[in-house]
Each structure stands twice: as structure tokens, then as C-alpha cells.
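**Q** What follows is a structure written as C-alpha cells; I'll ask about it next.
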Amino acid sequence: MLNCDCLFCKIIEGKIPSSKVYEDENMLVFRDIAPKAKVHLLAVPKTHFALLSQADGEGQAMLAHIFKKIPQIAADNGCENGYRLVVNQGENAGQTVMHLHVHILGGQPLEW
Ligand code: AMP
């Protein structure tokens, strides 16, 4: 979203640098700056919304696209033996960036 005061919108617009691993018209995937696993990627829709409950038709279509693309992106980035997806929703979940994002964690066996 143009001129949105949001960290991930600024990354999408290229105003803040990121370690990009995949991009298309609907989504951007980049490396988490503070990785919690050997592979820790963030997949973000290019439209701005914070929570699943706020997704409009365009946002829902982007989410469907993201989940369709994730298996190949994960496999291409060292997660061929499995990975975990995390989507924090709100304060109690510890969501710190209010632009919906899917954490892709892998590259190693993960504890629960
Ligand atoms: P969450 O806690 O689910 O909102 O996740 C936000 C994630 O964004 C955290 O794992 C942060 O490490 C990550 N993060 C914050 N700033 C950046 C940045 N500039 N580039 C990449 N990842 C970031």
C-alpha cells in the first residue's frame, strides 16, 4: 500500500532493504532478520492488512496464492524435509508487525 506507515509495506516498496528470496505481483518472501530456525522466511501479501479477520476479497485471494506457492518456495530454500508455518494473530500471540505474514521455519528438526 503506497505511503503506508508499516514496516512490511516499506519492505515491499523497497524503501527498507530485505533479503528477498521470492517475489511476484501478489507476495514477497524475505528472510527474517532475527531467525528462530536455520531457515526462517516471512511470506507477506502485497496488500496491507494486519489480521485474517481484516482480509477483504483481494487479501483473501493473496492468502490463497501464498499458501499455494509456499511448498515450492520452502523446498527451494532448504526445507525439503519439512517446515512449520506460523501466523501470529494479535497481541496474545505476540504479533509485533501489524501486516499479516506467514513465518516459514525449517532447515532443521523443530521442537514443538
Ligand atoms: P511477528 O512477531 O509474528 O509479528 O513477527 C514479526 C517478525 O518480523 C519477527 O520474527 C521479526 O524478527 C521480523 N522482522 C522485524 N523487522 C524485520 C526486518 N526489517 N526484516 C526482516 N524481518 C523483520
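Labeling convention for the C-alpha cells: chains A, B, ... as they appear, residues from 1 per chain, ligands from 1 in order of appearance.
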If you count only C-alpha atoms, which residues fall within 6 Å of Ala50 in chain A, apart from same-chain ones fewer than 5 positions away, as a VMD selection string?

**A** chain A and resid 98 to 100

**Q** Enumerate as a list of chain:residue names the residues within 7 Å of ligand 1, counting only C-alpha atoms and all ligand atoms.

**A**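 The residues within 7 Å of ligand 1, counting only C-alpha atoms and all ligand atoms, are A:Leu7, A:Ser18, A:Phe30, A:Arg31, A:Asp32, A:Ile33, A:Ala34, A:Pro35, A:Val87, A:Asn88, A:Gly94, A:Gln95, A:Thr96, A:Val97, A:Met98, A:His101.
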
**Q** Can you tell me, as a list in words, what residues are no more than 10 Å from range 12-16 of chain A when counting only C-alpha atoms, ignoring any on the same chain fewer than 4 positions away?

**A**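 In the requested form, the answer reads Met1, Leu2, Asn3, Cys4, Cys6, Leu7, Phe8, Lys20, Glu23, Met27, Leu28, Val29, Phe30, Val44, Pro45, Lys46 and Thr47 of chain A.
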
**Q** What are the DSSP strand (DSSP E) residues of chain A, as a VMD selection string?

**A** chain A and resid 20 to 23 27 to 31 39 to 45 83 to 86 102 to 106

**Q** For the residues in the current selection, export N, CA and C atoms as a PDB file, in the first residue's frame.

**A**
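The result, written out as result-v5.pdb:
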ATOM      1  N   LYS A  20      15.572 -10.754   0.032  1.00  0.00           N
ATOM      2  CA  LYS A  20      14.425 -11.299  -0.715  1.00  0.00           C
ATOM      3  C   LYS A  20      14.746 -12.680  -1.284  1.00  0.00           C
ATOM      4  N   VAL A  21      13.816 -13.622  -1.141  1.00  0.00           N
ATOM      5  CA  VAL A  21      14.024 -14.941  -1.764  1.00  0.00           C
ATOM      6  C   VAL A  21      12.990 -15.221  -2.866  1.00  0.00           C
ATOM      7  N   TYR A  22      11.863 -14.510  -2.853  1.00  0.00           N
ATOM      8  CA  TYR A  22      10.846 -14.727  -3.893  1.00  0.00           C
ATOM      9  C   TYR A  22       9.930 -13.501  -3.959  1.00  0.00           C
ATOM     10  N   GLU A  23       9.508 -13.169  -5.173  1.00  0.00           N
ATOM     11  CA  GLU A  23       8.538 -12.076  -5.329  1.00  0.00           C
ATOM     12  C   GLU A  23       7.696 -12.313  -6.565  1.00  0.00           C
ATOM     13  N   MET A  27       2.819 -11.279  -3.730  1.00  0.00           N
ATOM     14  CA  MET A  27       3.506 -11.601  -2.469  1.00  0.00           C
ATOM     15  C   MET A  27       4.999 -11.359  -2.541  1.00  0.00           C
ATOM     16  N   LEU A  28       5.580 -11.181  -1.350  1.00  0.00           N
ATOM     17  CA  LEU A  28       7.032 -11.075  -1.217  1.00  0.00           C
ATOM     18  C   LEU A  28       7.453 -12.045  -0.119  1.00  0.00           C
ATOM     19  N   VAL A  29       8.577 -12.709  -0.330  1.00  0.00           N
ATOM     20  CA  VAL A  29       9.144 -13.589   0.693  1.00  0.00           C
ATOM     21  C   VAL A  29      10.578 -13.137   0.954  1.00  0.00           C
ATOM     22  N   PHE A  30      10.894 -12.919   2.239  1.00  0.00           N
ATOM     23  CA  PHE A  30      12.246 -12.480   2.597  1.00  0.00           C
ATOM     24  C   PHE A  30      12.661 -13.149   3.901  1.00  0.00           C
ATOM     25  N   ARG A  31      13.971 -13.092   4.177  1.00  0.00           N
ATOM     26  CA  ARG A  31      14.498 -13.748   5.383  1.00  0.00           C
ATOM     27  C   ARG A  31      14.186 -12.914   6.620  1.00  0.00           C
ATOM     28  N   VAL A  39      16.390 -22.012   8.774  1.00  0.00           N
ATOM     29  CA  VAL A  39      15.675 -21.291   7.717  1.00  0.00           C
ATOM     30  C   VAL A  39      14.473 -20.601   8.362  1.00  0.00           C
ATOM     31  N   HIS A  40      14.383 -19.297   8.207  1.00  0.00           N
ATOM     32  CA  HIS A  40      13.230 -18.553   8.744  1.00  0.00           C
ATOM     33  C   HIS A  40      12.879 -17.476   7.729  1.00  0.00           C
ATOM     34  N   LEU A  41      11.816 -17.750   6.980  1.00  0.00           N
ATOM     35  CA  LEU A  41      11.354 -16.823   5.944  1.00  0.00           C
ATOM     36  C   LEU A  41      10.028 -16.211   6.371  1.00  0.00           C
ATOM     37  N   LEU A  42       9.731 -15.048   5.827  1.00  0.00           N
ATOM     38  CA  LEU A  42       8.432 -14.401   6.036  1.00  0.00           C
ATOM     39  C   LEU A  42       7.783 -14.206   4.677  1.00  0.00           C
ATOM     40  N   ALA A  43       6.558 -14.718   4.541  1.00  0.00           N
ATOM     41  CA  ALA A  43       5.789 -14.538   3.299  1.00  0.00           C
ATOM     42  C   ALA A  43       4.696 -13.520   3.590  1.00  0.00           C
ATOM     43  N   VAL A  44       4.670 -12.430   2.809  1.00  0.00           N
ATOM     44  CA  VAL A  44       3.714 -11.350   3.073  1.00  0.00           C
ATOM     45  C   VAL A  44       2.895 -11.034   1.820  1.00  0.00           C
ATOM     46  N   PRO A  45       1.608 -10.791   2.019  1.00  0.00           N
ATOM     47  CA  PRO A  45       0.787 -10.321   0.892  1.00  0.00           C
ATOM     48  C   PRO A  45       1.147  -8.878   0.570  1.00  0.00           C
ATOM     49  N   TYR A  83       8.718 -28.358   7.234  1.00  0.00           N
ATOM     50  CA  TYR A  83       8.791 -26.973   7.732  1.00  0.00           C
ATOM     51  C   TYR A  83       7.539 -26.687   8.537  1.00  0.00           C
ATOM     52  N   ARG A  84       7.592 -25.616   9.286  1.00  0.00           N
ATOM     53  CA  ARG A  84       6.436 -25.193  10.088  1.00  0.00           C
ATOM     54  C   ARG A  84       5.982 -23.821   9.622  1.00  0.00           C
ATOM     55  N   LEU A  85       4.664 -23.638   9.558  1.00  0.00           N
ATOM     56  CA  LEU A  85       4.088 -22.326   9.250  1.00  0.00           C
ATOM     57  C   LEU A  85       3.472 -21.751  10.516  1.00  0.00           C
ATOM     58  N   VAL A  86       3.749 -20.468  10.773  1.00  0.00           N
ATOM     59  CA  VAL A  86       3.187 -19.781  11.939  1.00  0.00           C
ATOM     60  C   VAL A  86       2.594 -18.458  11.456  1.00  0.00           C
ATOM     61  N   VAL A 102       3.269 -14.842   7.070  1.00  0.00           N
ATOM     62  CA  VAL A 102       3.377 -16.271   7.383  1.00  0.00           C
ATOM     63  C   VAL A 102       4.854 -16.564   7.632  1.00  0.00           C
ATOM     64  N   HIS A 103       5.167 -17.021   8.846  1.00  0.00           N
ATOM     65  CA  HIS A 103       6.532 -17.466   9.141  1.00  0.00           C
ATOM     66  C   HIS A 103       6.712 -18.861   8.534  1.00  0.00           C
ATOM     67  N   ILE A 104       7.811 -19.069   7.828  1.00  0.00           N
ATOM     68  CA  ILE A 104       8.179 -20.391   7.308  1.00  0.00           C
ATOM     69  C   ILE A 104       9.475 -20.785   8.021  1.00  0.00           C
ATOM     70  N   LEU A 105       9.374 -21.822   8.870  1.00  0.00           N
ATOM     71  CA  LEU A 105      10.510 -22.221   9.714  1.00  0.00           C
ATOM     72  C   LEU A 105      10.940 -23.630   9.352  1.00  0.00           C
ATOM     73  N   GLY A 106      12.232 -23.819   9.159  1.00  0.00           N
ATOM     74  CA  GLY A 106      12.699 -25.169   8.822  1.00  0.00           C
ATOM     75  C   GLY A 106      14.202 -25.210   8.685  1.00  0.00           C
TER      76      GLY A 106
END

**Q** Between CA of Gly82 in chain A and CA of Ile70 in chain A, what is the spacing in Å?

**A**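 CA of Ile70 in chain A sits 11.7 Å away from CA of Gly82 in chain A.
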